[in-house]
Each structure stands twice: as C-alpha cells, then as structure tokens.
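Here is query18.cif, consisting of mmCIF, C-alpha atoms and all ligand atoms:
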data_final
loop_
_atom_site.group_PDB
_atom_site.id
_atom_site.type_symbol
_atom_site.label_atom_id
_atom_site.label_comp_id
_atom_site.auth_asym_id
_atom_site.auth_seq_id
_atom_site.Cartn_x
_atom_site.Cartn_y
_atom_site.Cartn_z
ATOM 1 C CA MET A 1229 72.427 34.201 149.159
ATOM 2 C CA LYS A 1230 69.738 34.617 151.756
ATOM 3 C CA THR A 1231 67.005 32.055 151.709
ATOM 4 C CA SER A 1232 63.683 31.198 153.227
ATOM 5 C CA THR A 1233 62.057 31.196 156.561
ATOM 6 C CA VAL A 1234 60.565 27.928 157.756
ATOM 7 C CA LYS A 1235 57.942 29.382 160.074
ATOM 8 C CA SER A 1236 56.578 26.021 161.160
ATOM 9 C CA ILE A 1237 59.683 25.263 163.247
ATOM 10 C CA ARG A 1238 59.542 28.589 165.136
ATOM 11 C CA PRO A 1239 57.323 27.257 167.981
ATOM 12 C CA TYR A 1240 59.926 24.585 168.718
ATOM 13 C CA ILE A 1241 62.775 27.015 169.415
ATOM 14 C CA ARG A 1242 62.421 28.712 172.781
ATOM 15 C CA PRO A 1243 64.289 31.661 174.264
ATOM 16 C CA ILE A 1244 65.859 31.131 177.689
ATOM 17 C CA LEU A 1245 66.806 34.391 179.380
ATOM 18 C CA ASP A 1246 70.084 34.801 181.248
ATOM 19 C CA PHE A 1247 71.587 31.479 180.135
ATOM 20 C CA PRO A 1248 74.424 30.556 180.373
ATOM 21 C CA LYS A 1249 75.064 33.919 182.036
ATOM 22 C CA PRO A 1250 73.174 37.106 182.804
ATOM 23 C CA GLY A 1251 72.291 39.180 179.759
ATOM 24 C CA ILE A 1252 72.413 36.307 177.256
ATOM 25 C CA GLN A 1253 69.253 35.062 175.544
ATOM 26 C CA PHE A 1254 69.866 31.432 174.660
ATOM 27 C CA TRP A 1255 67.835 29.805 171.881
ATOM 28 C CA ASP A 1256 67.026 26.267 172.962
ATOM 29 C CA ILE A 1257 66.479 23.763 170.157
ATOM 30 C CA THR A 1258 65.719 20.738 172.363
ATOM 31 C CA PRO A 1259 61.921 21.004 171.742
ATOM 32 C CA LEU A 1260 62.645 20.934 168.017
ATOM 33 C CA VAL A 1261 64.767 17.802 168.141
ATOM 34 C CA LYS A 1262 62.148 16.140 170.348
ATOM 35 C CA SER A 1263 59.431 16.628 167.715
ATOM 36 C CA PRO A 1264 59.655 14.096 164.859
ATOM 37 C CA ALA A 1265 57.827 16.404 162.439
ATOM 38 C CA ALA A 1266 59.806 19.538 163.299
ATOM 39 C CA LEU A 1267 63.105 17.634 163.233
ATOM 40 C CA HIS A 1268 62.318 16.230 159.801
ATOM 41 C CA GLU A 1269 61.351 19.632 158.518
ATOM 42 C CA ALA A 1270 64.521 21.234 159.868
ATOM 43 C CA VAL A 1271 66.861 18.606 158.436
ATOM 44 C CA ASP A 1272 65.109 18.613 155.051
ATOM 45 C CA GLY A 1273 65.292 22.401 155.008
ATOM 46 C CA LEU A 1274 68.967 22.487 155.932
ATOM 47 C CA VAL A 1275 70.087 20.298 153.035
ATOM 48 C CA GLU A 1276 67.495 21.111 150.365
ATOM 49 C CA PRO A 1277 69.475 23.883 148.570
ATOM 50 C CA PHE A 1278 72.584 21.684 148.511
ATOM 51 C CA ALA A 1279 71.022 18.436 147.293
ATOM 52 C CA ASP A 1280 72.630 18.750 143.845
ATOM 53 C CA ALA A 1281 75.751 20.625 144.882
ATOM 54 C CA GLY A 1282 78.100 17.644 144.874
ATOM 55 C CA VAL A 1283 78.580 17.600 148.650
ATOM 56 C CA ASN A 1284 80.624 14.575 149.748
ATOM 57 C CA LEU A 1285 81.038 15.410 153.451
ATOM 58 C CA VAL A 1286 79.092 17.245 156.131
ATOM 59 C CA ALA A 1287 80.978 18.904 158.994
ATOM 60 C CA GLY A 1288 79.252 19.850 162.257
ATOM 61 C CA MET A 1289 80.484 21.802 165.250
ATOM 62 C CA GLU A 1290 80.312 20.542 168.817
ATOM 63 C CA ALA A 1291 77.802 20.097 170.208
ATOM 64 C CA ARG A 1292 74.467 20.916 168.596
ATOM 65 C CA GLY A 1293 76.051 20.863 165.151
ATOM 66 C CA PHE A 1294 76.560 17.131 165.705
ATOM 67 C CA ILE A 1295 72.807 16.549 165.940
ATOM 68 C CA PHE A 1296 71.839 18.457 162.809
ATOM 69 C CA GLY A 1297 75.044 17.672 160.949
ATOM 70 C CA ALA A 1298 74.847 13.905 161.335
ATOM 71 C CA LEU A 1299 71.193 13.888 160.265
ATOM 72 C CA ALA A 1300 71.994 16.161 157.316
ATOM 73 C CA ALA A 1301 74.814 13.825 156.282
ATOM 74 C CA ALA A 1302 72.473 10.827 156.399
ATOM 75 C CA LYS A 1303 69.918 12.756 154.354
ATOM 76 C CA LEU A 1304 72.547 13.576 151.708
ATOM 77 C CA ASN A 1305 73.928 10.050 151.908
ATOM 78 C CA VAL A 1306 77.446 11.304 152.698
ATOM 79 C CA GLY A 1307 79.756 11.007 155.700
ATOM 80 C CA PHE A 1308 79.959 13.259 158.753
ATOM 81 C CA ILE A 1309 83.017 14.807 160.385
ATOM 82 C CA PRO A 1310 82.954 16.298 163.881
ATOM 83 C CA LEU A 1311 84.660 19.621 164.639
ATOM 84 C CA ARG A 1312 85.407 19.438 168.345
ATOM 85 C CA LYS A 1313 86.528 21.457 171.308
ATOM 86 C CA PRO A 1314 90.226 21.041 172.176
ATOM 87 C CA GLY A 1315 91.420 17.761 173.619
ATOM 88 C CA LYS A 1316 88.417 15.653 172.634
ATOM 89 C CA LEU A 1317 89.589 14.015 169.413
ATOM 90 C CA PRO A 1318 91.894 11.014 169.935
ATOM 91 C CA TYR A 1319 93.934 11.028 166.698
ATOM 92 C CA ASP A 1320 96.257 13.721 165.257
ATOM 93 C CA VAL A 1321 94.449 17.031 164.892
ATOM 94 C CA GLN A 1322 94.533 20.371 163.155
ATOM 95 C CA SER A 1323 93.468 23.308 165.362
ATOM 96 C CA GLN A 1324 91.974 26.684 164.623
ATOM 97 C CA ARG A 1325 91.752 29.476 167.177
ATOM 98 C CA TYR A 1326 89.115 32.152 166.983
ATOM 99 C CA ASP A 1327 88.129 35.220 168.963
ATOM 100 C CA LEU A 1328 85.123 35.357 171.259
ATOM 101 C CA GLU A 1329 83.630 38.516 172.717
ATOM 102 C CA TYR A 1330 85.910 37.955 175.693
ATOM 103 C CA GLY A 1331 88.925 35.739 175.083
ATOM 104 C CA SER A 1332 89.298 33.041 172.480
ATOM 105 C CA ALA A 1333 88.342 29.453 171.698
ATOM 106 C CA SER A 1334 89.579 26.675 169.422
ATOM 107 C CA LEU A 1335 88.118 23.954 167.277
ATOM 108 C CA GLU A 1336 89.886 20.788 166.171
ATOM 109 C CA VAL A 1337 89.461 18.267 163.387
ATOM 110 C CA HIS A 1338 91.225 14.977 162.719
ATOM 111 C CA LEU A 1339 93.995 15.357 160.131
ATOM 112 C CA ASP A 1340 92.547 12.561 158.030
ATOM 113 C CA ALA A 1341 88.953 13.806 158.223
ATOM 114 C CA VAL A 1342 89.189 15.923 155.071
ATOM 115 C CA GLU A 1343 91.094 15.256 151.848
ATOM 116 C CA ARG A 1344 92.101 17.700 149.147
ATOM 117 C CA GLY A 1345 89.098 18.434 146.944
ATOM 118 C CA ASP A 1346 86.473 17.213 149.382
ATOM 119 C CA ARG A 1347 83.267 19.222 149.007
ATOM 120 C CA VAL A 1348 82.088 20.011 152.502
ATOM 121 C CA LEU A 1349 78.763 21.358 153.760
ATOM 122 C CA LEU A 1350 79.051 23.027 157.170
ATOM 123 C CA VAL A 1351 76.072 22.585 159.527
ATOM 124 C CA ASP A 1352 75.294 24.166 162.895
ATOM 125 C CA ASP A 1353 72.194 24.946 164.914
ATOM 126 C CA LEU A 1354 72.736 28.692 165.042
ATOM 127 C CA ILE A 1355 74.889 31.495 163.683
ATOM 128 C CA ALA A 1356 75.406 34.424 166.033
ATOM 129 C CA THR A 1357 78.600 36.464 165.475
ATOM 130 C CA GLY A 1358 79.808 33.974 162.861
ATOM 131 C CA GLY A 1359 83.150 33.353 164.569
ATOM 132 C CA THR A 1360 82.580 29.639 165.076
ATOM 133 C CA ALA A 1361 81.506 29.105 161.470
ATOM 134 C CA ALA A 1362 84.357 31.189 160.051
ATOM 135 C CA ALA A 1363 86.892 29.198 162.087
ATOM 136 C CA SER A 1364 85.285 25.968 160.910
ATOM 137 C CA CYS A 1365 85.621 27.012 157.269
ATOM 138 C CA GLU A 1366 89.286 27.872 157.872
ATOM 139 C CA LEU A 1367 89.887 24.502 159.492
ATOM 140 C CA ILE A 1368 88.395 22.575 156.580
ATOM 141 C CA ARG A 1369 90.222 24.658 153.993
ATOM 142 C CA SER A 1370 93.509 24.200 155.844
ATOM 143 C CA LEU A 1371 93.205 20.470 155.097
ATOM 144 C CA GLY A 1372 92.422 21.106 151.428
ATOM 145 C CA GLY A 1373 88.627 20.836 151.537
ATOM 146 C CA ASP A 1374 86.264 23.147 149.672
ATOM 147 C CA ILE A 1375 83.299 24.720 151.463
ATOM 148 C CA VAL A 1376 80.179 24.192 149.360
ATOM 149 C CA GLY A 1377 77.992 26.108 151.810
ATOM 150 C CA CYS A 1378 77.101 26.837 155.401
ATOM 151 C CA THR A 1379 73.628 25.976 156.665
ATOM 152 C CA PHE A 1380 72.024 26.871 159.998
ATOM 153 C CA VAL A 1381 68.662 26.348 161.654
ATOM 154 C CA VAL A 1382 68.707 29.814 163.278
ATOM 155 C CA GLU A 1383 70.358 33.084 162.333
ATOM 156 C CA LEU A 1384 70.578 35.880 164.901
ATOM 157 C CA GLU A 1385 70.441 38.557 162.250
ATOM 158 C CA ALA A 1386 71.297 41.528 164.457
ATOM 159 C CA LEU A 1387 74.708 40.044 165.239
ATOM 160 C CA GLY A 1388 75.744 40.172 161.595
ATOM 161 C CA GLY A 1389 77.478 36.799 161.458
ATOM 162 C CA ARG A 1390 77.154 36.655 157.686
ATOM 163 C CA ALA A 1391 79.885 39.251 157.372
ATOM 164 C CA GLN A 1392 82.374 36.704 158.738
ATOM 165 C CA LEU A 1393 81.447 34.311 155.946
ATOM 166 C CA ALA A 1394 81.862 36.634 152.983
ATOM 167 C CA GLY A 1395 81.865 34.689 149.737
ATOM 168 C CA GLU A 1396 80.228 31.606 151.233
ATOM 169 C CA ARG A 1397 76.843 30.272 150.216
ATOM 170 C CA ILE A 1398 74.782 30.688 153.393
ATOM 171 C CA HIS A 1399 71.387 29.163 154.102
ATOM 172 C CA THR A 1400 69.291 29.709 157.229
ATOM 173 C CA LEU A 1401 65.837 28.429 158.122
ATOM 174 C CA LEU A 1402 64.769 31.003 160.655
ATOM 175 C CA GLU A 1403 65.957 34.561 161.214
ATOM 176 C CA LEU A 1404 65.468 35.793 164.790
HETATM 177 P P1 LIG B 1 78.998 32.465 166.958
HETATM 178 O O1 LIG B 1 80.392 31.956 166.817
HETATM 179 O O2 LIG B 1 78.930 33.746 167.747
HETATM 180 O O3 LIG B 1 78.298 32.570 165.617
HETATM 181 O O4 LIG B 1 78.199 31.428 167.842
HETATM 182 C C1 LIG B 1 77.647 30.297 167.276
HETATM 183 C C2 LIG B 1 77.789 29.096 168.152
HETATM 184 O O5 LIG B 1 77.491 29.380 169.507
HETATM 185 C C3 LIG B 1 76.834 28.012 167.718
HETATM 186 O O6 LIG B 1 77.490 26.755 167.842
HETATM 187 C C4 LIG B 1 75.669 28.140 168.680
HETATM 188 O O7 LIG B 1 75.197 26.875 169.075
HETATM 189 C C5 LIG B 1 76.214 28.887 169.868
HETATM 190 N N1 LIG B 1 75.415 30.070 170.235
HETATM 191 C C6 LIG B 1 75.834 31.356 170.192
HETATM 192 N N2 LIG B 1 74.902 32.193 170.644
HETATM 193 C C7 LIG B 1 73.824 31.438 170.957
HETATM 194 C C8 LIG B 1 72.507 31.721 171.474
HETATM 195 N N3 LIG B 1 72.121 32.977 171.749
HETATM 196 N N4 LIG B 1 71.665 30.687 171.671
HETATM 197 C C9 LIG B 1 72.054 29.416 171.399
HETATM 198 N N5 LIG B 1 73.278 29.078 170.920
HETATM 199 C C10 LIG B 1 74.158 30.072 170.716
#
Any chance you could put this one into structure tokens?
Amino acid sequence: MKTSTVKSIRPYIRPILDFPKPGIQFWDITPLVKSPAALHEAVDGLVEPFADAGVNLVAGMEARGFIFGALAAAKLNVGFIPLRKPGKLPYDVQSQRYDLEYGSASLEVHLDAVERGDRVLLVDDLIATGGTAAASCELIRSLGGDIVGCTFVVELEALGGRAQLAGERIHTLLEL
C-alpha cells in the first residue's frame, strides 16, 4: 500500500547538505517537532490508517523514531518500546545486525518488550534504504510479535526502501 502526501508538513522538513558527511543530504525534522500544528498533523497522519488495526504496541528506532513513536503510541493509547543502538538498554536484549552502505550496524530490544502475538506498529522519521526498518521488523518477529505496519514521516523514494519491507503494510506522509 502506498498512501497520501501530507503537503502541509513539507515546509517543516529542511534539507541540510553534506551532513553528517560530504555527499549526504540530511532531512532535518527539528522544525517540524518544534511546530505544535505540524507535529500534531504528522502524528495524526502516522497513526490514522492503523487506528482500527488492533495495534497494542508501537516500536520506534533510536533516535528520531522515539519522538514520533512515543507520540504515536500515546495517540493510539498503547505502550511504546524503544529499539536502541547496542549497549544502551540495561536489561537482557535481543540483537539484530544489518548491513549499511559501508559496514554494518545493530539494533537491540529488551527480551521482555514484546510477547508472542503482540501487534506492533513500527514508527520512524524516515525510510531511506529500508535496512533499519527491515532489521526492526526482524527483531520484533524474533520475539514473537506481529508487524501490523510500518509508518514513516518521510520516504526517500529513489532509494527504494520499500523493497526491503516486502509484504508489510507501509504508510508514508511525504515522499521526497
Ligand atoms: P535506512 O536504514 O537507510 O532506511 O535509514 C533510515 C534511518 O536512518 C532512519 O532512522 C533515519 O532517521 C536515518 N536516515 C537515513 N538517511 C537519512 C537522511 N538522508 N536524512 C535523515 N535521516 C536519515
């Protein structure tokens, strides 16, 4: 599924050239989260297609996924679970490695964060290559959770991240 474009949030997402390294165009969402109206619109838009989908947990990836994920969880009246970079979570964890353009990275989740049959909505600010989201889905499934959908504020369409999430219900607010 490909859904919608919320054009009104576009002015609040600014491109920063050569960050964090030369050749990268970074999409900065800090103006969006600073604006009460734009933030409301983004969070409402992220969860709207999943309001009746029986979601009982939202998962968000460090770090900007925490902002949108926690607000989405509150909007859906469900709990939030953080997916974190290695070594940050204090209790027993499950890890998932994934490939980056150069090298690899990992995400971790607490072992007791997800129970068999939990219906999880995955939230992040942006999908680029889709590697982070695909690893997050794997992590949640490895603990017995079901992925109800994956929802993002921004999709960098040219990078084709959707292909990594074949079979998932994907929702994005803005395609850039
Ligand atoms: P990917 O795994 O390639 O889909 O990358 C997605 C993750 O990296 C998300 O958590 C984004 O916050 C971050 N990210 C990747 N590329 C960008 C970009 N050009 N601007 C802002 N964030 C990015």
**Study point:** Nearby polymer residues, ligand LIG 1 (chain B), at most 10 Å, all atoms listed in the file, as an MDAnalysis selection string
**Key:** chainID A and resid 1241:1248 1252:1257 1288:1294 1326:1329 1333 1351:1364 1380:1384 1387:1390 1392
Exercise for review: Calculate how many Å separate CA of Pro1277 in chain A from CA of Thr1379 in chain A, rounding to one decimal.
Suggested key: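 Pair CA of Pro1277 in chain A / CA of Thr1379 in chain A returns 9.3 Å.
In this structure, CA of Lys1316 in chain A sits 13.7 Å away from CA of Leu1339 in chain A.
Take the candidates A:Leu1317, A:Val1234, A:Ala1300, A:Ile1398 and check each one against Ala1287 in chain A using all atoms listed in the file; the shortest distance goes to A:Ala1300.
Considering all atoms listed in the file, the residue among A:Leu1349, A:Glu1385, A:Ala1281, A:Pro1259 positioned nearest to Leu1404 in chain A is A:Glu1385.
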Exercise for review: Name the residues in contact with Phe1308 in chain A at a cut-off of 8 Å, using only C-alpha atoms, excluding same-chain residues fewer than 2 positions from it; report them as JSON, numbers by chain.
Suggested key: {"A": [1285, 1286, 1287, 1288, 1297, 1298, 1301, 1306, 1310]}
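Among A:Gly1307, A:Gly1345, A:Gly1377, A:Gly1331, the residue with the shortest atom-to-atom distance to Leu1274 in chain A, counting only C-alpha atoms, is A:Gly1377.
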Practice item. To verify the selection step, state as a list in words which residues the PyMOL selection byres (((chain A and resi 1270) around 10) and not hetatm) yields on this input. Key: Val1234, Ser1236, Ile1237, Leu1260, Val1261, Pro1264, Ala1265, Ala1266, Leu1267, His1268, Glu1269, Val1271, Asp1272, Gly1273, Leu1274, Val1275, Glu1276, Phe1296, Leu1299, Ala1300, Asp1353, Phe1380, Val1381, Leu1401 and Leu1402 of chain A
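CA of Lys1313 in chain A is positioned 20.4 Å from CA of Ile1375 in chain A.
For Asp1346 in chain A, the residues within 7 Å (counting all atoms listed in the file, excluding itself and residues fewer than 3 positions away along the chain) are Asn1284, Val1342, Glu1343, Gly1373 and Asp1374 of chain A.
Distances from A:Gln1322, A:Thr1258, A:Ser1334, A:Gly1251 to Pro1239 in chain A were compared using all atoms listed in the file, and the smallest one belongs to A:Thr1258.
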Around all the atoms of range 1389-1400 of chain A listed in the file, draw an axis-aligned box and extend it by 3 Å on each of the six sides; I want its centre and edge lengths in Å to one decimal, as AutoDock Vina command-line options.
--center_x 75.8 --center_y 34.2 --center_z 155.6 --size_x 19.1 --size_y 16.1 --size_z 17.7
Exercise for review: Fewer than 6 positions away in the same chain doesn't count, so skip those; otherwise give me all residues within 8 Å of Val1321 in chain A, counting only C-alpha atoms, as a PyMOL selection string.
Suggested key: chain A and resi 1336-1339
Check your understanding: Using all atoms listed in the file, which of A:Tyr1240, A:Leu1350, A:Leu1371, A:Glu1403 sits nearest Ala1386 in chain A?
Key ->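 Checking each of A:Tyr1240, A:Leu1350, A:Leu1371, A:Glu1403 against Ala1386 in chain A, counting all atoms listed in the file, the winner is A:Glu1403.
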